[in-house]
Every structure is written in structure tokens, then in C-alpha cells.
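Okay, structure first, notes after.
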Amino acid sequence: MKIKTIQTGSTLVSSAVPNRATHRWKYAYTGLFQCRKNRIEVPVKCFYVTVGQHKFLIDAGWSKQVRTRPLRHLGFGLWFASEPVMKQGESAKEQLTGQPIDAILMTHLDCDHVSGLADFADIKVYASKEEVAFAKQKRLRYGTLAKDHDYHTFDFQPDTLAPFGKSCDVFGDGSVTAYLTPTHSAGSVIYKITEDERFALVVGDNGYVRDSWQKGILPGPLYNADNMKHCLKWINEQSQQPNCLGVYCAHEKDFS
């Protein structure tokens, strides 16, 4: 098993995005009524995974289009809330030139995760049907980016070990398990990568930094706060298992 972290630039956001407790207003994560000079810079990451015969990307980060036409690519609302910062060569497509990619697995469809799909063609993209439906309903949060792709969806089955009782064996061989986690969004997904009884978790935005699950710090954008609290506790428990190789989240950075 190999998990390569691909940082596709960063995003300038309100401090309420990784930690909603920094502001009282529940919608502070949008950046409205806040001085833009006080924004923080948060890395935007995706992950290139090799396990068994499978080679795939989890999330897609920013597209190279945000370097030259961010407003056209994102629309004003998404650009305002999550202003992208990217240097030449930082997109996932550019960093993975020559590497085989069999599929792209989405944790959820927010703009800083789905944007990079615009750089890839003829690759299967997987997401939960719950997230695809949610993205179609919530235009202000997702804009049009999430709607520009055809998604293969997961056939979730009952699973007593899953944090919310539903999972899917993505490739049918036990190497990648998708767990439905209605937390940050209605259809967000955690991926468990397993090989030789060892595993790693890629949790998307179910936690922005290690303190998220170790201290129960809630992010700003939430679909269900109680679900997020439960999920962070589950991640923390999983991270303490002796056969856990690591927990990967998309915006890992220390915040004071």
C-alpha cells in the first residue's frame, strides 16, 4: 500500500472553516462580513493510492484552471468563500503526469475537492448517490462544478462496523471500503484502504487536522453536527488501533 499526498495549492478561507468555534455566527465559514486580510491559508490536498492492482486518486483538489480563470471556473460565490491559490505545476494532473489512474474516488463534492476533475477525461469518478443528490439541491454551496460530471455511485450495504451502519466494498476485493458519513455533507464518504490486515483512513473533511478528531473540533460547514461529533470519535478510535497506518485529511495544517 502506498498513499502519496498531492497538495494542489491552497485556499484562503475564514478561520471558521476548520474551526467553527472561532466565530459565533454559524455561517461565518462563508467569509461574509469579515475582513479578507484576516483569512487563513489552508492546504488543498488529494491522495494518489496504490493498493494491490489498483491505482486511483481520492479527490481531485484544484484544477489548473484556477490559476488563469478562477472566477469563470468557480463562479463568484465559490471564489469568494474559498479563494484558490495555486502555482504552476501544482494541479494533480500536472503532478501525476505519466502515472496510471484507474478511477477517482470522491469523499464529497465541495469545490476544492471536485475542481480538479476538469483536468481529467475518460476516468471513472465515484461518489455516493446521497452526495450527488445533495449537490444538485444545494446550488449555493456547490455551484455548477459538481454537476458537470457523470458519477458512478456506491451500492451501500448494512455494516455494523461502519460509523453510520453503511459501507461498500468499492472494488469487490476488500482493499477499499467506502463508509457513508452524513456529517460535513449529506453524502460524504470516508475510505478505508486495507492490505495485509493493516489499514489507513482517508477522511475528506471529516476533520481538518489531527486535533479535529483528538479534541472533537467541529468545522464550519456542517450537514449534521451530532453526526460529525460521532464520526470524529470513531476516527479517533480507529486511529488508535495498532494496525492503523495513518489518517489522511484534505487540509492538514496546525492552527492556533
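Every chain in the C-alpha cells takes a letter, A first, then B, and so on in the order presented; its residues are numbered from 1, and the ligands are numbered from 1 following the presented order.
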
Exercise. Can you list, as JSON, numbers by chain, all residues belonging to region 5-228 of chain A that DSSP tags as strand (DSSP E or B)?
Key: {"A": [5, 6, 7, 8, 9, 10, 11, 12, 13, 40, 41, 42, 43, 44, 45, 46, 47, 48, 49, 50, 51, 54, 55, 56, 57, 58, 83, 84, 85, 103, 104, 105, 124, 125, 126, 127, 152, 153, 157, 158, 166, 167, 168, 169, 176, 177, 178, 179, 180, 189, 190, 191, 192, 193, 194, 195, 198, 199, 200, 201, 202, 203, 204]}

Using only C-alpha atoms, which residues sit within 7 Å of region 152-160 of chain A once same-chain residues fewer than 2 positions away are excluded, as a short mmCIF file (atom, residue, chain, number, x, y, z; two decimals) with C-alpha atoms, in the first residue's frame?
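Wrote it out as result_24.cif, contents follow:
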```cif
data_model
loop_
_atom_site.label_atom_id
_atom_site.label_comp_id
_atom_site.auth_asym_id
_atom_site.auth_seq_id
_atom_site.Cartn_x
_atom_site.Cartn_y
_atom_site.Cartn_z
CA VAL A 125 -15.43 9.03 -10.98
CA TYR A 126 -17.14 7.56 -7.92
CA ALA A 127 -19.27 9.36 -5.33
CA SER A 128 -22.18 8.46 -3.10
CA LYS A 129 -25.63 8.90 -4.62
CA ASP A 150 -21.17 11.62 -14.57
CA ALA A 162 -19.29 1.28 9.88
CA GLY A 165 -24.04 1.44 9.55
CA LYS A 166 -23.40 1.54 5.79
CA SER A 167 -20.39 0.59 3.69
CA CYS A 168 -19.42 -0.51 0.19
#
```

Self-check item: Shell of 10 Å around Glu131 (chain A), only C-alpha atoms, local chain residues under 6 positions omitted, as a PyMOL selection string
Solution: chain A and resi 106-110+137+146+153+180+182+185-189

Quiz item: Got a sec: who's within 8 Å of region 13-30 of chain A, counting only C-alpha atoms, leaving out chain neighbours fewer than 4 positions off, as a PyMOL selection string?
Solution: chain A and resi 34+38-42+80-83+207-208+217-221

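Computed from the coordinates, the CA of Thr144 (chain A) to CA of Met86 (chain A) distance equals 20.9 Å.
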
Self-check item: Close residues, Lys93 (chain A) itself excluded, 12 Å, only C-alpha atoms, min 5 positions apart in chain, as number ranges by chain
Solution: A: 6-8, 46-48, 57, 59-65, 88, 98-101, 104, 115-121

Those residues you just picked out, can you put them in a file as an mmCIF file, in the first residue's frame with C-alpha atoms?
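As a result, selection.cif now contains:
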```cif
data_model
loop_
_atom_site.group_PDB
_atom_site.id
_atom_site.type_symbol
_atom_site.label_atom_id
_atom_site.label_comp_id
_atom_site.auth_asym_id
_atom_site.auth_seq_id
_atom_site.Cartn_x
_atom_site.Cartn_y
_atom_site.Cartn_z
ATOM 1 C CA ILE A 6 -0.717 15.657 -3.594
ATOM 2 C CA GLN A 7 -1.011 19.270 -2.460
ATOM 3 C CA THR A 8 -2.786 21.248 -5.174
ATOM 4 C CA CYS A 46 -5.814 14.855 -2.667
ATOM 5 C CA PHE A 47 -4.249 11.405 -2.481
ATOM 6 C CA TYR A 48 -2.802 9.011 -5.030
ATOM 7 C CA LEU A 57 -6.968 9.182 -6.828
ATOM 8 C CA ASP A 59 -10.482 13.630 -4.528
ATOM 9 C CA ALA A 60 -9.025 15.900 -7.198
ATOM 10 C CA GLY A 61 -8.095 19.178 -5.488
ATOM 11 C CA TRP A 62 -7.944 22.378 -7.502
ATOM 12 C CA SER A 63 -7.949 22.372 -11.290
ATOM 13 C CA LYS A 64 -5.162 24.187 -13.113
ATOM 14 C CA GLN A 65 -7.953 26.456 -14.372
ATOM 15 C CA GLN A 88 2.450 26.473 -11.898
ATOM 16 C CA GLY A 98 2.632 9.594 -16.636
ATOM 17 C CA GLN A 99 1.092 7.856 -13.621
ATOM 18 C CA PRO A 100 -1.780 5.421 -14.303
ATOM 19 C CA ILE A 101 -5.111 6.334 -12.730
ATOM 20 C CA ILE A 104 -11.140 8.874 -8.921
ATOM 21 C CA SER A 115 -12.487 21.248 -9.212
ATOM 22 C CA GLY A 116 -9.577 19.106 -10.436
ATOM 23 C CA LEU A 117 -11.908 16.677 -12.198
ATOM 24 C CA ALA A 118 -11.975 19.220 -15.027
ATOM 25 C CA ASP A 119 -8.376 18.235 -15.828
ATOM 26 C CA PHE A 120 -9.090 14.519 -16.181
ATOM 27 C CA ALA A 121 -11.004 12.887 -19.019
#
```

Quiz prompt | Length of the CA of Leu78 (chain A) to CA of Cys111 (chain A) vector [Å] | solution = 7.2 Å

Quiz item: Taking the backbone alone, and naming residues the way the document does, which bits of region 157-238 of chain A are alpha helix (DSSP H) by DSSP, as a ChimeraX atom specification?
Solution: /A:210-215,225-238

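The spacing separating CA of Val49 (chain A) from CA of His73 (chain A) amounts to 27.0 Å.
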
Quiz item: Using only C-alpha atoms, which of A:Asn236, A:Thr68, A:Asn243, A:Ser175 sits nearest Met1 (chain A)?
Solution: A:Ser175

Please list as a compact mmCIF listing (two decimals) with C-alpha atoms, in the first residue's frame every residue within 9 Å of Lys233 (chain A), counting only C-alpha atoms and excluding residues in the same chain fewer than 6 positions away.
```txt
# COMPACT_ATOMS: atom_id res chain seq x y z
CA TRP A 213 -10.67 14.04 15.97
CA GLN A 214 -8.42 14.07 19.02
CA LYS A 215 -10.17 17.08 20.56
CA GLY A 216 -13.53 16.99 18.79
```

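When only C-alpha atoms are used to measure the gap to Pro43 (chain A), the shortest distance among A:Lys87, A:His184, A:Lys138, A:His251 belongs to A:His251.
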